[in-house]
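K.L.:
Encoded as structure tokens, here's the structure I'll be asking about.
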Amino acid sequence: MSDFYQKAAKYWANVPATIDGVLGGFGHISDIDIKGSRQFLNEILSLDHAPKTSLALDCGAGIGRIAQRLLMPIFDKVDLVEQDEKFIYTAKQALDSSDKLGTLYNMGLQDFKPEKKYDVIWCQWVLGHLNDYDLISFLERCKRALNKHGVMVIKENITSSQEIEYDDEDSSVTRPYKLMKLIFEETNFSVIKETIQEGFPEDIYTVYSFALTPKKFLGFVY
Ligand SMILES: C[S@@+](CC[C@H](N)C(=O)[O-])C[C@H]1O[C@@H](n2cnc3c(N)ncnc32)[C@H](O)[C@@H]1O
């Protein structure tokens with residue numbers, strides 16, 4: 001494992017398995033975050049060719065904050081992928097009594113190879129832990145793991161500068177808007193919806209939500 005991944009794993013291993021812990025001391029923004037996400041997801045589910053609500057995947061799921069409050073009330077089953085053992089254990093304890101809990105994968109997204117098809121794949125506040133190369137191959141794998149009309153949602157911090165910003169403490173990067181768009185282009189995803197999360201404190205990064213679907217192949221028909 002490279003230093004970039006090792007350092008991040010070490011950082012999260014020392015963070016308490018609480019909402020405040022997974023949100024880096026910003027536990028108080030969880031409610032407004034979930035509210036914004038619910039609105040975004042409901043808009044996706046109201047599209048003409050909306051995804052079904054059978055199976056969702058929560059990527060970098062932490063202690064299951066999003067699975068529990070956003071995805072499980074809507075989807076029949078929710079799978080989680082999370083690399084920190086203590087977080088996924090806490091998620092299991094919290095969600096085990098629900099018949100909505102699907103499979104828990106305890107591994108990094110850089111190694112995760114989906115073995116099912118999903119209606120919605122939700123990635124939030126985790127993709128900065130992947131380098132560009134791994135992010136691209138992860139998105140490629142997710143694209144192949146989407147059901148018909150399936151949607152991938154990416155909700156991440158975005159820097160207003162034109163440069164990638166590296167955080168030495170948790171070993172993550174924050175990408176500029178243009179780079180995110182380039183990566184979506186590179187992986188043949190279309191952005192069908194995007195929004196800025198409102199109501200967050202002024203002194204944190206702007207948080208964008210992107211809804212992505214695989215680009216249609218515009219081949220010639222002879
Ligand atoms: C800021 S927390 C966000 C957790 C969750 N998405 C939420 O919003 O409540 C980042 C999470 O990503 C996880 N993580 C870090 N690097 C990862 C990787 N390479 N693969 C999967 N998960 C990772 C951490 O263990 C942590 O749970």
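The way I read the labels, and the way they are meant: chains A, B, ... in the order of the structure tokens, residue 1 as the first residue of every chain, and ligand 1 as the first ligand shown, with later ones counted on from there.
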Which residues are near ligand 1 in this structure, taking near to mean any atom at most 7 Å from a ligand atom and counting only C-alpha atoms and all ligand atoms? Format them as a PyMOL selection string.
P.N.:
chain A and resi 5+8-9+12+19+22-24+59-66+81-84+87+107-110+123-126+129-130
K.L.:
Just the strand (DSSP E or B) stuff from range 144-181 of chain A, please, per backbone DSSP, written as a PyMOL selection string.
P.N.:
chain A and resi 146-159+165-167+172-176
K.L.:
Can you write out the residues you just picked, keeping N, CA, C and O atoms, as a CSV table (one decimal), in the first residue's frame?
P.N.:
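File written: result.csv
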```csv
chain,number,residue,atom,x,y,z
A,146,LEU,N,-23.7,-0.5,-12.5
A,146,LEU,CA,-25.0,0.2,-12.4
A,146,LEU,C,-26.1,-0.6,-13.1
A,146,LEU,O,-25.9,-1.0,-14.2
A,147,ASN,N,-27.3,-0.7,-12.5
A,147,ASN,CA,-28.4,-1.3,-13.2
A,147,ASN,C,-28.9,-0.3,-14.3
A,147,ASN,O,-28.5,0.8,-14.3
A,148,LYS,N,-29.8,-0.8,-15.1
A,148,LYS,CA,-30.5,0.1,-16.1
A,148,LYS,C,-31.1,1.3,-15.4
A,148,LYS,O,-31.7,1.2,-14.3
A,149,HIS,N,-30.8,2.5,-15.9
A,149,HIS,CA,-31.2,3.8,-15.2
A,149,HIS,C,-30.5,4.1,-13.9
A,149,HIS,O,-31.0,4.9,-13.2
A,150,GLY,N,-29.5,3.3,-13.6
A,150,GLY,CA,-28.8,3.5,-12.4
A,150,GLY,C,-28.0,4.8,-12.4
A,150,GLY,O,-27.7,5.3,-13.4
A,151,VAL,N,-27.8,5.4,-11.2
A,151,VAL,CA,-27.2,6.7,-11.0
A,151,VAL,C,-26.1,6.6,-10.0
A,151,VAL,O,-26.3,5.9,-8.9
A,152,MET,N,-25.0,7.3,-10.3
A,152,MET,CA,-23.9,7.4,-9.3
A,152,MET,C,-24.0,8.8,-8.7
A,152,MET,O,-24.1,9.8,-9.5
A,153,VAL,N,-24.0,8.9,-7.4
A,153,VAL,CA,-24.0,10.3,-6.8
A,153,VAL,C,-22.6,10.5,-6.1
A,153,VAL,O,-22.2,9.6,-5.4
A,154,ILE,N,-22.0,11.6,-6.4
A,154,ILE,CA,-20.8,12.0,-5.8
A,154,ILE,C,-21.0,13.3,-5.1
A,154,ILE,O,-21.4,14.3,-5.7
A,155,LYS,N,-20.8,13.3,-3.8
A,155,LYS,CA,-21.0,14.5,-3.0
A,155,LYS,C,-19.6,14.8,-2.3
A,155,LYS,O,-19.2,14.0,-1.4
A,156,GLU,N,-18.9,15.8,-2.7
A,156,GLU,CA,-17.6,16.0,-2.3
A,156,GLU,C,-17.2,17.5,-2.1
A,156,GLU,O,-17.8,18.3,-2.8
A,157,ASN,N,-16.2,17.7,-1.3
A,157,ASN,CA,-15.6,19.1,-1.2
A,157,ASN,C,-15.0,19.4,-2.5
A,157,ASN,O,-14.3,18.5,-3.1
A,158,ILE,N,-15.1,20.7,-2.9
A,158,ILE,CA,-14.5,21.1,-4.1
A,158,ILE,C,-13.7,22.4,-3.8
A,158,ILE,O,-14.3,23.3,-3.2
A,159,THR,N,-12.5,22.5,-4.3
A,159,THR,CA,-11.7,23.7,-4.0
A,159,THR,C,-12.0,24.8,-5.0
A,159,THR,O,-12.3,24.5,-6.2
A,165,GLU,N,-5.6,20.5,-3.7
A,165,GLU,CA,-5.1,20.8,-2.4
A,165,GLU,C,-4.9,19.5,-1.6
A,165,GLU,O,-5.8,18.7,-1.5
A,166,TYR,N,-3.7,19.4,-1.0
A,166,TYR,CA,-3.4,18.1,-0.3
A,166,TYR,C,-3.5,18.4,1.2
A,166,TYR,O,-3.0,19.4,1.7
A,167,ASP,N,-4.2,17.6,1.9
A,167,ASP,CA,-4.3,17.7,3.4
A,167,ASP,C,-3.4,16.6,4.0
A,167,ASP,O,-3.7,15.4,3.9
A,172,SER,N,-5.5,13.3,2.3
A,172,SER,CA,-6.6,13.4,1.2
A,172,SER,C,-6.3,14.5,0.3
A,172,SER,O,-5.5,15.4,0.7
A,173,VAL,N,-6.9,14.5,-0.8
A,173,VAL,CA,-6.9,15.7,-1.7
A,173,VAL,C,-8.3,16.3,-1.9
A,173,VAL,O,-9.3,15.6,-1.8
A,174,THR,N,-8.3,17.6,-2.1
A,174,THR,CA,-9.5,18.3,-2.5
A,174,THR,C,-9.3,18.7,-4.0
A,174,THR,O,-8.3,19.4,-4.2
A,175,ARG,N,-10.2,18.3,-4.8
A,175,ARG,CA,-10.0,18.6,-6.3
A,175,ARG,C,-10.8,19.9,-6.7
A,175,ARG,O,-11.9,20.1,-6.2
A,176,PRO,N,-10.3,20.6,-7.7
A,176,PRO,CA,-11.0,21.7,-8.3
A,176,PRO,C,-12.2,21.1,-9.1
A,176,PRO,O,-12.1,20.0,-9.6
```
K.L.:
DSSP says helix (DSSP H, G or I) for which residues of range 2-217 of chain A? Put them as an NGL selection string?
P.N.:
:A and (3-13 or 19-22 or 27-45 or 65-71 or 85-95 or 127-129 or 132-144 or 177-186)
K.L.:
What does the distance from CA of Asp203 in chain A to CA of Ala13 in chain A come to in Å, to one decimal?
P.N.:
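So the answer is 26.2 Å.
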K.L.:
If we count only C-alpha atoms, what is near Ser137 in chain A at a cut-off of 12 Å, once residues fewer than 6 positions away on the same chain are taken out, given as an MDAnalysis selection string?
P.N.:
chainID A and resid 109:113 130:131 143:144 183:184 186:188
K.L.:
Which residues are close to Ser37 in chain A, i.e. within 10 Å by only C-alpha atoms, leaving aside same-chain residues fewer than 6 positions away? Reply as a list in words.
P.N.:
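The residues that qualify are Asp31, Glu43, Ile66, Leu70, Leu71, Val153, Lys155, Thr195, Gln197 and Ser209 of chain A.
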K.L.:
Give me, please, the distance in Å between CA of Ile88 in chain A and CA of Thr103 in chain A, quoted to one decimal.
P.N.:
11.1 Å
K.L.:
Hey, can you check how far CA of Leu179 in chain A sits from CA of Leu139 in chain A?
P.N.:
14.3 Å
